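Colleague: Next comes query-v8.txt, compact mmCIF, C-alpha atoms:
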# COMPACT_ATOMS: atom_id res chain seq x y z
CA MET A 14 -27.41 -64.10 37.53
CA LYS A 15 -24.50 -64.70 39.90
CA ILE A 16 -21.40 -63.67 37.98
CA ALA A 17 -17.74 -63.93 38.97
CA ILE A 18 -15.28 -61.57 37.34
CA LEU A 19 -11.66 -62.55 37.83
CA GLY A 20 -9.36 -59.54 37.76
CA THR A 21 -9.54 -56.06 39.26
CA GLY A 22 -8.09 -54.04 36.36
CA THR A 23 -9.91 -51.75 33.96
CA VAL A 24 -11.51 -54.65 32.09
CA GLY A 25 -12.77 -56.28 35.29
CA GLN A 26 -14.06 -53.00 36.70
CA THR A 27 -15.78 -51.99 33.47
CA LEU A 28 -17.52 -55.36 33.08
CA ALA A 29 -18.48 -55.44 36.75
CA ALA A 30 -19.99 -51.95 36.74
CA LYS A 31 -22.05 -52.70 33.65
CA LEU A 32 -23.31 -56.10 34.83
CA ASP A 33 -24.14 -54.69 38.27
CA SER A 34 -26.02 -51.80 36.68
CA ILE A 35 -28.33 -54.20 34.82
CA GLY A 36 -29.12 -56.20 37.94
CA HIS A 37 -26.62 -59.04 38.10
CA ASP A 38 -25.06 -60.27 41.35
CA VAL A 39 -21.35 -59.60 40.76
CA THR A 40 -18.33 -60.69 42.79
CA ILE A 41 -14.86 -59.71 41.67
CA GLY A 42 -12.07 -62.14 42.43
CA THR A 43 -8.46 -61.17 43.22
CA ARG A 44 -5.47 -63.03 44.65
CA ASP A 45 -5.36 -61.07 47.90
CA PRO A 46 -8.40 -58.87 48.57
CA ALA A 47 -6.77 -57.13 51.55
CA GLU A 48 -3.75 -56.22 49.45
CA THR A 49 -5.93 -54.99 46.57
CA LEU A 50 -7.95 -52.78 48.94
CA ALA A 51 -4.81 -51.45 50.65
CA ARG A 52 -3.34 -50.01 47.44
CA ASP A 53 -3.03 -46.23 47.47
CA ALA A 54 -1.16 -45.59 44.23
CA LYS A 55 -2.54 -45.26 40.73
CA ASP A 56 -1.99 -48.29 38.52
CA ALA A 57 0.48 -48.48 35.61
CA TYR A 58 -2.10 -46.83 33.31
CA GLY A 59 -2.78 -43.90 35.65
CA ASN A 60 -6.11 -45.20 36.94
CA PRO A 61 -7.04 -44.52 40.58
CA PRO A 62 -6.52 -47.35 43.10
CA TYR A 63 -9.14 -50.08 43.32
CA LYS A 64 -10.66 -48.84 46.58
CA VAL A 65 -11.66 -45.54 44.97
CA TRP A 66 -13.60 -47.40 42.29
CA ALA A 67 -15.01 -49.86 44.86
CA ALA A 68 -16.38 -47.03 46.99
CA ALA A 69 -18.41 -45.86 44.00
CA HIS A 70 -19.78 -49.40 43.42
CA PRO A 71 -20.85 -50.59 46.88
CA ARG A 72 -22.94 -53.55 45.70
CA ILE A 73 -19.98 -55.22 44.01
CA ARG A 74 -18.10 -57.51 46.39
CA LEU A 75 -14.39 -58.26 46.31
CA ASP A 76 -13.27 -61.73 47.37
CA THR A 77 -10.57 -64.30 46.72
CA LEU A 78 -10.38 -65.90 43.29
CA ALA A 79 -11.70 -69.16 44.77
CA ASN A 80 -14.61 -67.58 46.63
CA ALA A 81 -15.56 -65.46 43.62
CA ALA A 82 -15.46 -68.48 41.30
CA ALA A 83 -17.56 -70.49 43.77
CA HIS A 84 -20.11 -67.65 43.78
CA GLY A 85 -20.39 -67.34 40.01
CA GLU A 86 -22.79 -69.38 37.92
CA THR A 87 -20.66 -68.09 35.10
CA ILE A 88 -17.10 -66.79 35.15
CA LEU A 89 -15.49 -63.92 33.23
CA ASN A 90 -11.71 -64.10 32.93
CA ALA A 91 -10.47 -60.50 33.02
CA LEU A 92 -7.03 -61.39 34.35
CA SER A 93 -3.91 -60.44 32.43
CA GLY A 94 -2.73 -62.94 29.83
CA ALA A 95 0.26 -64.01 31.90
CA GLY A 96 -1.88 -64.11 35.06
CA SER A 97 -4.68 -66.18 33.59
CA LEU A 98 -3.54 -69.78 34.09
CA PRO A 99 -2.03 -69.13 37.56
CA GLY A 100 -5.15 -67.18 38.57
CA LEU A 101 -7.47 -69.90 37.34
CA GLU A 102 -5.47 -72.45 39.35
CA LEU A 103 -6.19 -70.35 42.44
CA ALA A 104 -9.85 -70.09 41.44
CA GLY A 105 -9.88 -73.86 41.61
CA GLU A 106 -10.97 -76.51 39.16
CA ALA A 107 -13.93 -77.56 41.31
CA ASN A 108 -15.26 -73.99 41.23
CA LEU A 109 -15.02 -73.85 37.43
CA ASP A 110 -16.23 -77.30 36.39
CA GLY A 111 -19.36 -77.33 34.25
CA LYS A 112 -19.55 -73.55 34.01
CA ILE A 113 -19.13 -71.25 31.04
CA LEU A 114 -15.92 -69.27 31.35
CA LEU A 115 -15.90 -66.21 29.09
CA ASP A 116 -12.20 -65.67 28.45
CA ILE A 117 -11.29 -62.09 27.57
CA ALA A 118 -7.53 -62.26 28.23
CA ASN A 119 -4.87 -61.78 25.57
CA PRO A 120 -1.43 -63.42 25.82
CA LEU A 121 0.46 -60.14 25.62
CA ASP A 122 4.21 -60.34 26.15
CA PHE A 123 5.79 -57.03 27.15
CA SER A 124 9.27 -58.52 27.65
CA ASN A 125 10.42 -57.38 24.18
CA GLY A 126 9.22 -53.81 24.69
CA MET A 127 6.35 -51.98 23.02
CA PRO A 128 4.27 -52.78 21.15
CA PRO A 129 3.85 -56.15 22.87
CA SER A 130 4.28 -59.50 21.16
CA LEU A 131 2.36 -62.66 22.18
CA PHE A 132 3.68 -65.37 24.52
CA VAL A 133 1.58 -67.99 22.74
CA SER A 134 0.41 -67.74 19.11
CA ASN A 135 0.32 -69.28 15.66
CA THR A 136 -0.06 -73.01 16.46
CA ASP A 137 -1.65 -72.55 19.91
CA SER A 138 -3.56 -69.91 21.87
CA LEU A 139 -4.26 -68.89 25.44
CA GLY A 140 -7.89 -69.92 24.98
CA GLU A 141 -6.80 -73.43 24.02
CA GLN A 142 -4.33 -73.62 26.90
CA ILE A 143 -7.10 -72.74 29.36
CA GLN A 144 -9.51 -75.24 27.77
CA LYS A 145 -6.85 -77.97 27.90
CA ARG A 146 -6.11 -77.30 31.57
CA PHE A 147 -9.80 -77.15 32.58
CA PRO A 148 -11.47 -79.72 30.30
CA LYS A 149 -14.78 -79.71 32.22
CA THR A 150 -15.17 -75.93 31.93
CA ARG A 151 -16.77 -74.54 28.77
CA ILE A 152 -14.28 -71.92 27.58
CA VAL A 153 -15.64 -69.28 25.23
CA LYS A 154 -13.29 -66.59 23.93
CA ALA A 155 -14.82 -63.21 23.15
CA LEU A 156 -14.50 -59.45 23.79
CA ASN A 157 -10.68 -59.64 23.55
CA THR A 158 -10.53 -57.55 20.37
CA VAL A 159 -11.80 -54.20 21.70
CA SER A 160 -11.00 -51.82 24.54
CA ALA A 161 -12.90 -52.22 27.80
CA HIS A 162 -15.32 -49.35 27.21
CA LEU A 163 -16.37 -50.78 23.86
CA MET A 164 -16.84 -54.27 25.31
CA VAL A 165 -19.80 -53.12 27.40
CA ASP A 166 -21.08 -50.34 25.12
CA PRO A 167 -20.38 -51.05 21.45
CA GLY A 168 -23.11 -48.62 20.47
CA GLN A 169 -20.97 -45.64 21.42
CA LEU A 170 -18.91 -46.29 18.25
CA ALA A 171 -20.65 -45.97 14.86
CA GLY A 172 -23.95 -46.97 16.41
CA GLY A 173 -22.52 -50.41 17.19
CA ASP A 174 -21.84 -51.19 13.53
CA HIS A 175 -18.75 -53.34 14.17
CA THR A 176 -18.03 -57.01 14.78
CA MET A 177 -17.37 -59.28 17.76
CA PHE A 178 -15.95 -62.80 17.37
CA VAL A 179 -16.80 -65.85 19.49
CA SER A 180 -14.72 -69.05 19.78
CA GLY A 181 -15.44 -72.17 21.81
CA ASP A 182 -15.66 -75.94 21.58
CA ASP A 183 -19.22 -76.18 22.90
CA PRO A 184 -21.74 -74.83 20.35
CA ALA A 185 -24.39 -74.31 23.06
CA ALA A 186 -21.95 -72.29 25.17
CA ARG A 187 -20.99 -70.21 22.11
CA ARG A 188 -24.63 -69.46 21.42
CA GLN A 189 -25.21 -68.59 25.08
CA VAL A 190 -22.32 -66.13 25.09
CA THR A 191 -23.50 -64.66 21.79
CA SER A 192 -26.90 -64.05 23.42
CA TRP A 193 -25.30 -62.48 26.47
CA LEU A 194 -23.20 -60.16 24.32
CA THR A 195 -26.42 -58.87 22.78
CA GLU A 196 -28.56 -58.81 25.93
CA TRP A 197 -25.96 -57.42 28.32
CA PHE A 198 -24.00 -55.07 26.09
CA GLY A 199 -25.90 -54.54 22.85
CA TRP A 200 -23.58 -56.28 20.39
CA ARG A 201 -25.46 -56.63 17.09
CA ASP A 202 -22.88 -58.26 14.80
CA VAL A 203 -21.40 -61.40 16.36
CA ILE A 204 -19.58 -64.05 14.29
CA GLU A 205 -19.20 -67.53 15.79
CA LEU A 206 -15.87 -68.63 14.32
CA GLY A 207 -15.92 -72.20 15.59
CA ASP A 208 -14.00 -74.25 18.13
CA ILE A 209 -11.58 -72.80 20.65
CA SER A 210 -8.65 -73.12 18.22
CA THR A 211 -10.20 -70.21 16.34
CA ALA A 212 -9.04 -68.07 19.28
CA ARG A 213 -5.68 -68.19 17.49
CA GLY A 214 -7.31 -65.85 15.00
CA THR A 215 -8.68 -63.29 17.44
CA GLU A 216 -5.66 -63.34 19.76
CA GLN A 217 -3.43 -62.70 16.73
CA LEU A 218 -5.57 -59.69 15.88
CA LEU A 219 -3.89 -57.97 18.84
CA PRO A 220 -0.62 -57.27 16.97
CA LEU A 221 -2.67 -55.37 14.38
CA TRP A 222 -4.83 -53.79 17.09
CA VAL A 223 -1.86 -52.27 18.92
CA ARG A 224 -0.37 -50.89 15.69
CA THR A 225 -3.70 -49.47 14.57
CA TRP A 226 -3.93 -47.81 18.01
CA GLY A 227 -0.47 -46.36 17.34
CA ALA A 228 -1.55 -45.00 13.95
CA LEU A 229 -4.93 -43.63 15.08
CA LYS A 230 -3.75 -42.40 18.52
CA THR A 231 -6.95 -43.66 20.15
CA PRO A 232 -8.19 -47.04 21.39
CA MET A 233 -11.75 -46.12 20.43
CA PHE A 234 -11.88 -48.20 17.28
CA SER A 235 -13.05 -51.66 16.36
CA PHE A 236 -12.95 -54.00 13.38
CA ARG A 237 -16.02 -54.65 11.28
CA VAL A 238 -16.20 -57.64 8.99
CA VAL A 239 -17.65 -56.09 5.83
CA ARG A 240 -19.44 -58.73 3.74
CA MET B 16 4.47 -47.05 -15.85
CA LYS B 17 6.62 -50.13 -16.38
CA ILE B 18 5.51 -52.62 -13.75
CA ALA B 19 6.91 -56.05 -12.92
CA ILE B 20 4.62 -58.54 -11.23
CA LEU B 21 6.44 -61.52 -9.76
CA GLY B 22 4.25 -64.61 -9.61
CA THR B 23 1.81 -66.18 -12.10
CA GLY B 24 -0.92 -67.26 -9.67
CA THR B 25 -4.36 -65.74 -9.19
CA VAL B 26 -2.97 -62.70 -7.38
CA GLY B 27 -0.39 -62.01 -10.08
CA GLN B 28 -2.89 -62.52 -12.89
CA THR B 29 -5.55 -60.35 -11.25
CA LEU B 30 -3.13 -57.49 -10.60
CA ALA B 31 -1.62 -57.76 -14.08
CA ALA B 32 -4.99 -57.71 -15.85
CA LYS B 33 -6.12 -54.65 -13.92
CA LEU B 34 -2.89 -52.69 -14.37
CA ASP B 35 -2.77 -53.56 -18.07
CA SER B 36 -6.38 -52.45 -18.47
CA ILE B 37 -5.56 -48.98 -17.16
CA GLY B 38 -2.61 -48.52 -19.48
CA HIS B 39 0.44 -49.77 -17.60
CA ASP B 40 3.27 -51.71 -19.27
CA VAL B 41 3.18 -55.01 -17.36
CA THR B 42 5.63 -57.90 -17.41
CA ILE B 43 4.98 -60.96 -15.27
CA GLY B 44 8.01 -62.77 -13.90
CA THR B 45 8.26 -66.52 -13.32
CA ARG B 46 11.13 -68.91 -12.64
CA ASP B 47 10.86 -70.74 -15.96
CA PRO B 48 8.60 -69.09 -18.56
CA ALA B 49 8.72 -72.10 -20.90
CA GLU B 50 7.62 -74.41 -18.10
CA THR B 51 4.84 -72.03 -17.03
CA LEU B 52 3.53 -71.82 -20.62
CA ALA B 53 3.76 -75.59 -21.12
CA ARG B 54 1.39 -76.38 -18.24
CA ASP B 55 -1.83 -78.03 -19.36
CA ALA B 56 -3.45 -78.88 -16.02
CA LYS B 57 -5.56 -76.71 -13.78
CA ASP B 58 -3.77 -75.39 -10.70
CA ALA B 59 -4.38 -76.56 -7.11
CA TYR B 60 -7.35 -74.17 -6.84
CA GLY B 61 -9.03 -75.37 -10.03
CA ASN B 62 -8.00 -72.38 -12.16
CA PRO B 63 -7.17 -72.97 -15.84
CA PRO B 64 -3.49 -73.19 -16.83
CA TYR B 65 -1.53 -69.97 -17.26
CA LYS B 66 -1.50 -70.12 -21.07
CA VAL B 67 -5.29 -69.92 -21.20
CA TRP B 68 -5.23 -66.70 -19.19
CA ALA B 69 -2.24 -65.39 -21.18
CA ALA B 70 -4.05 -65.90 -24.50
CA ALA B 71 -6.80 -63.58 -23.23
CA HIS B 72 -4.25 -60.93 -22.20
CA PRO B 73 -1.92 -60.65 -25.20
CA ARG B 74 -0.26 -57.36 -24.17
CA ILE B 75 1.06 -58.82 -20.91
CA ARG B 76 4.49 -60.39 -21.38
CA LEU B 77 5.86 -63.35 -19.43
CA ASP B 78 9.59 -63.42 -18.73
CA THR B 79 12.10 -64.65 -16.19
CA LEU B 80 12.03 -63.14 -12.71
CA ALA B 81 15.28 -61.28 -13.48
CA ASN B 82 14.10 -59.87 -16.82
CA ALA B 83 10.74 -58.87 -15.38
CA ALA B 84 12.39 -57.14 -12.41
CA ALA B 85 14.81 -55.34 -14.75
CA HIS B 86 11.81 -54.14 -16.78
CA GLY B 87 9.82 -52.85 -13.83
CA GLU B 88 10.20 -49.32 -12.50
CA THR B 89 8.25 -50.75 -9.59
CA ILE B 90 7.87 -54.38 -8.50
CA LEU B 91 4.85 -56.20 -7.10
CA ASN B 92 5.62 -59.38 -5.15
CA ALA B 93 2.76 -61.78 -5.82
CA LEU B 94 4.84 -64.90 -5.15
CA SER B 95 3.78 -67.37 -2.48
CA GLY B 96 5.07 -66.67 1.02
CA ALA B 97 7.52 -69.56 0.92
CA GLY B 98 8.56 -68.66 -2.62
CA SER B 99 9.16 -64.96 -1.96
CA LEU B 100 12.76 -64.84 -0.73
CA PRO B 101 14.02 -67.50 -3.20
CA GLY B 102 12.13 -65.80 -6.04
CA LEU B 103 13.50 -62.37 -5.15
CA GLU B 104 17.03 -63.84 -5.15
CA LEU B 105 16.41 -64.94 -8.74
CA ALA B 106 14.98 -61.51 -9.57
CA GLY B 107 18.35 -60.17 -8.51
CA GLU B 108 19.39 -57.49 -6.07
CA ALA B 109 20.65 -55.18 -8.84
CA ASN B 110 17.21 -55.28 -10.51
CA LEU B 111 15.47 -54.36 -7.24
CA ASP B 112 17.79 -51.72 -5.79
CA GLY B 113 16.26 -48.29 -5.35
CA LYS B 114 12.79 -49.42 -6.44
CA ILE B 115 9.56 -49.68 -4.50
CA LEU B 116 8.60 -53.32 -3.98
CA LEU B 117 4.93 -53.72 -3.06
CA ASP B 118 4.92 -56.95 -1.07
CA ILE B 119 1.58 -58.76 -1.08
CA ALA B 120 2.79 -62.19 0.06
CA ASN B 121 1.74 -63.86 3.30
CA PRO B 122 3.98 -66.36 5.13
CA LEU B 123 1.40 -69.14 5.07
CA ASP B 124 2.56 -72.52 6.34
CA PHE B 125 0.43 -75.43 5.12
CA SER B 126 2.64 -78.10 6.69
CA ASN B 127 0.36 -78.40 9.73
CA GLY B 128 -2.79 -78.81 7.64
CA MET B 129 -5.72 -76.43 7.22
CA PRO B 130 -6.25 -73.72 8.15
CA PRO B 131 -2.62 -72.66 7.60
CA SER B 132 -0.36 -71.28 10.29
CA LEU B 133 2.48 -68.80 9.60
CA PHE B 134 6.14 -69.71 9.07
CA VAL B 135 7.24 -66.37 10.50
CA SER B 136 5.19 -64.28 12.94
CA ASN B 137 5.01 -62.55 16.30
CA THR B 138 8.54 -61.11 16.64
CA ASP B 139 9.33 -60.98 12.92
CA SER B 140 7.50 -60.90 9.59
CA LEU B 141 8.03 -61.78 5.95
CA GLY B 142 7.99 -58.08 5.09
CA GLU B 143 10.86 -57.46 7.49
CA GLN B 144 12.81 -60.47 6.19
CA ILE B 145 12.56 -59.14 2.64
CA GLN B 146 13.55 -55.61 3.72
CA LYS B 147 16.53 -57.00 5.65
CA ARG B 148 17.72 -59.07 2.67
CA PHE B 149 17.28 -56.19 0.18
CA PRO B 150 18.21 -53.09 2.18
CA LYS B 151 18.37 -50.79 -0.87
CA THR B 152 14.85 -51.74 -2.01
CA ARG B 153 11.93 -49.84 -0.50
CA ILE B 154 9.60 -52.59 0.74
CA VAL B 155 5.97 -51.60 1.28
CA LYS B 156 3.54 -54.22 2.54
CA ALA B 157 -0.09 -53.87 1.45
CA LEU B 158 -3.03 -55.70 -0.17
CA ASN B 159 -2.20 -58.90 1.77
CA THR B 160 -5.40 -58.78 3.85
CA VAL B 161 -8.00 -59.31 1.11
CA SER B 162 -8.67 -61.78 -1.69
CA ALA B 163 -7.26 -61.00 -5.14
CA HIS B 164 -10.52 -59.74 -6.63
CA LEU B 165 -10.96 -57.23 -3.81
CA MET B 166 -7.36 -56.01 -4.12
CA VAL B 167 -8.05 -54.49 -7.53
CA ASP B 168 -11.75 -53.67 -7.06
CA PRO B 169 -12.59 -52.85 -3.44
CA GLY B 170 -15.71 -51.00 -4.59
CA GLN B 171 -17.47 -54.27 -5.41
CA LEU B 172 -17.87 -54.84 -1.65
CA ALA B 173 -19.99 -52.36 0.35
CA GLY B 174 -19.10 -49.61 -2.10
CA GLY B 175 -15.46 -49.85 -1.00
CA ASP B 176 -16.25 -48.99 2.62
CA HIS B 177 -13.45 -51.12 4.12
CA THR B 178 -9.83 -50.63 5.09
CA MET B 179 -6.40 -51.33 3.60
CA PHE B 180 -3.21 -51.18 5.67
CA VAL B 181 0.23 -50.01 4.50
CA SER B 182 3.57 -50.76 6.20
CA GLY B 183 7.04 -49.63 5.19
CA ASP B 184 10.19 -48.01 6.48
CA ASP B 185 10.28 -45.21 3.90
CA PRO B 186 7.46 -42.70 4.48
CA ALA B 187 7.66 -41.41 0.91
CA ALA B 188 7.32 -44.95 -0.45
CA ARG B 189 4.35 -45.58 1.87
CA ARG B 190 2.65 -42.43 0.61
CA GLN B 191 3.37 -43.40 -2.99
CA VAL B 192 1.81 -46.83 -2.52
CA THR B 193 -1.16 -45.29 -0.75
CA SER B 194 -1.67 -43.04 -3.78
CA TRP B 195 -1.38 -45.98 -6.18
CA LEU B 196 -3.94 -47.98 -4.18
CA THR B 197 -6.39 -45.14 -4.71
CA GLU B 198 -5.49 -44.29 -8.31
CA TRP B 199 -5.13 -47.83 -9.63
CA PHE B 200 -7.77 -49.70 -7.65
CA GLY B 201 -10.06 -47.20 -5.92
CA TRP B 202 -9.13 -47.83 -2.30
CA ARG B 203 -10.66 -45.00 -0.23
CA ASP B 204 -9.71 -45.93 3.34
CA VAL B 205 -5.98 -46.60 3.69
CA ILE B 206 -4.19 -46.56 7.07
CA GLU B 207 -0.41 -46.12 7.09
CA LEU B 208 0.57 -48.18 10.12
CA GLY B 209 4.25 -47.23 10.20
CA ASP B 210 7.55 -48.98 9.56
CA ILE B 211 7.88 -52.43 8.03
CA SER B 212 7.68 -54.11 11.45
CA THR B 213 3.98 -53.20 11.43
CA ALA B 214 3.65 -55.92 8.77
CA ARG B 215 3.63 -58.26 11.79
CA GLY B 216 0.16 -56.88 12.42
CA THR B 217 -1.29 -57.39 8.95
CA GLU B 218 0.38 -60.75 8.33
CA GLN B 219 -1.04 -61.97 11.65
CA LEU B 220 -4.50 -60.93 10.48
CA LEU B 221 -4.38 -63.95 8.17
CA PRO B 222 -5.13 -66.49 10.94
CA LEU B 223 -8.35 -64.54 11.62
CA TRP B 224 -8.99 -64.08 7.90
CA VAL B 225 -8.91 -67.82 7.17
CA ARG B 226 -11.22 -68.58 10.10
CA THR B 227 -13.64 -65.83 9.12
CA TRP B 228 -13.63 -67.34 5.62
CA GLY B 229 -14.50 -70.67 7.24
CA ALA B 230 -17.39 -69.13 9.16
CA LEU B 231 -18.78 -67.03 6.30
CA LYS B 232 -18.11 -69.62 3.52
CA THR B 233 -16.94 -66.87 1.17
CA PRO B 234 -13.67 -64.96 0.65
CA MET B 235 -15.63 -61.85 -0.40
CA PHE B 236 -15.22 -59.99 2.87
CA SER B 237 -12.82 -57.42 4.23
CA PHE B 238 -12.07 -55.71 7.53
CA ARG B 239 -13.04 -52.12 8.15
CA VAL B 240 -11.45 -50.14 10.96
CA VAL B 241 -14.48 -48.42 12.46
CA ARG B 242 -13.46 -45.23 14.29
Since I need it in another form, could you write the structure as structure tokens?
Modeller:
Amino acid sequence: MKIAILGTGTVGQTLAAKLDSIGHDVTIGTRDPAETLARDAKDAYGNPPYKVWAAAHPRIRLDTLANAAAHGETILNALSGAGSLPGLELAGEANLDGKILLDIANPLDFSNGMPPSLFVSNTDSLGEQIQKRFPKTRIVKALNTVSAHLMVDPGQLAGGDHTMFVSGDDPAARRQVTSWLTEWFGWRDVIELGDISTARGTEQLLPLWVRTWGALKTPMFSFRVVR
Amino acid sequence: MKIAILGTGTVGQTLAAKLDSIGHDVTIGTRDPAETLARDAKDAYGNPPYKVWAAAHPRIRLDTLANAAAHGETILNALSGAGSLPGLELAGEANLDGKILLDIANPLDFSNGMPPSLFVSNTDSLGEQIQKRFPKTRIVKALNTVSAHLMVDPGQLAGGDHTMFVSGDDPAARRQVTSWLTEWFGWRDVIELGDISTARGTEQLLPLWVRTWGALKTPMFSFRVVR
């Protein structure tokens, strides 16, 4: 399938490498491809610059957000929380209409220091804001509750015996994403929570996620719904 | 041990019955004991009136919030979220000073309909508000992420293979509560998250908890941190 991944960070790279490796036609979208490729410095997390990763993944194209979105039959939002709505504007409504957009972003707010708070929560969510702005796109929130390496390979932790949540207004789109999570990445325990307002639940898991990370000193954990 | 449980609802009753059954000296605190005992109707959840439960648990006394708090060497806050700060005022600062207060309440806000939102979240928490108001009391937040029956008997679900979180400013008080969770109730996997601000994490798990309840159609589930 033709897949657009919006965002060149660790999440975007990790998803792109996995989807490319299983035969999908992946284009990554970024605001300014020339600027992204010109970077020489490591990013804020100490990762090598994008061009180093790109050289190791020659099949994966880099293009503008609009060209990537036009390419994709489905879209994965791997932009930062704060960058999501502006980035999706640049991707262009016409390039998103009618498609499933798998939204992985969390509305993390670093302005109050660490650990981050959320810039939207409680009575609204980033998933809902995106759905409201792009009413013809089928927004499905998922994968936002684990680190990038677990998103694409849940089996590396406890044999995959942990839970992923899916939120979205369109039941058929939710089921499609649930199938993709299993087929692409091997997720075995997926709970469809309901409409996109249920993203309030998974986005508000992040405040517990970051504190559990602090207590365990590793991001290699995940939540399992024991029932 | 002499234990005060503030709140006569399902959480208070369930904790009181368990602690009484293992030999503790339990007093339940309520605003107006005569009014509580005079109730004839079922509560909002369909549970029988307090006096029916009390007749089956004759060792457990009912008293005012202040008298109960004076009795308790340790205090369990099983009041509603909205009722917690007003109820603790009635319990009285002098009756709380120097004691561990195990805070189980969640700041649920039902004013926007179901599922509830939170009346404090993101950059503050109910646990922090209580600690700030009662600086000489050692507030420890725990048990607020599972239904009442699982609080006192985690082993009935998956043999107890799920996780409880503990937050509090005083490390010795956190460790004490962690020990009680194991000794009193059989909790085997307890994560000490850190200071009371980490209660923002567990209180914000509630929005996911209520939606998971909606999806699973049962409150008999719990979260396990798989690592």
Colleague: Rank nothing, just name the residue among B:Asp204, B:Asp78, B:Glu218, B:Asp185 nearest to B:Glu50, using only C-alpha atoms.
Modeller: B:Asp78
Colleague: Return the single residue from B:Gly96, B:Pro64, B:Gly44, B:Pro234 that is closest to B:Gly142, with distances computed using all atoms listed in the file.
Modeller: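 Closest candidate: B:Gly96.
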Colleague: If you count all atoms listed in the file, which residues fall within 8 Å of B:Leu133, apart from same-chain ones fewer than 3 positions away, as a list of chain:residue names?
Modeller: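 Those residues are A:Asn135, B:Pro122, B:Leu123, B:Asp124, B:Ser136, B:Gln219.
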Colleague: Residues of chain B no more than 10 Å from chain A, counting all atoms listed in the file: send them over as an NGL selection string.
Modeller: :B and (127 or 130-139 or 172-173 or 175-178 or 180 or 206-209 or 212-231 or 233-242)
Colleague: Residues near A:His84, anyone? I mean within 10 Å using all atoms listed in the file, not counting same-chain ones fewer than 6 positions away, as number ranges by chain.
Modeller: A: 15-17, 38-42, 76, 78, 108
Colleague: Work out how far atom CA of A:Leu19 is from atom CA of A:Lys55, in Å to one decimal.
Modeller: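 The value is 19.8 Å.
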Colleague: Find the residues near A:Gly100: any atom within 8 Å, counting all atoms listed in the file, skip ones fewer than 4 places away on the same chain, and give them as a list in words.
Modeller: Arg44, Leu78, Leu92, Gly96 and Ala104 of chain A
Colleague: Skip B:Ile90 itself and residues of its chain fewer than 4 positions away, then list as an NGL selection string all residues within 7 Å of it, counting all atoms listed in the file.
Modeller: :B and (18-20 or 84 or 115-117)
Colleague: Let's have the selection written as a short mmCIF file (atom, residue, chain, number, x, y, z; two decimals), keeping the file's coordinate frame, with C-alpha atoms.
Modeller:
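Contents of the output file result-v2.cif:
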data_model
loop_
_atom_site.label_atom_id
_atom_site.label_comp_id
_atom_site.auth_asym_id
_atom_site.auth_seq_id
_atom_site.Cartn_x
_atom_site.Cartn_y
_atom_site.Cartn_z
CA ILE B 18 5.51 -52.62 -13.75
CA ALA B 19 6.91 -56.05 -12.92
CA ILE B 20 4.62 -58.54 -11.23
CA ALA B 84 12.39 -57.14 -12.41
CA ILE B 115 9.56 -49.68 -4.50
CA LEU B 116 8.60 -53.32 -3.98
CA LEU B 117 4.93 -53.72 -3.06
#
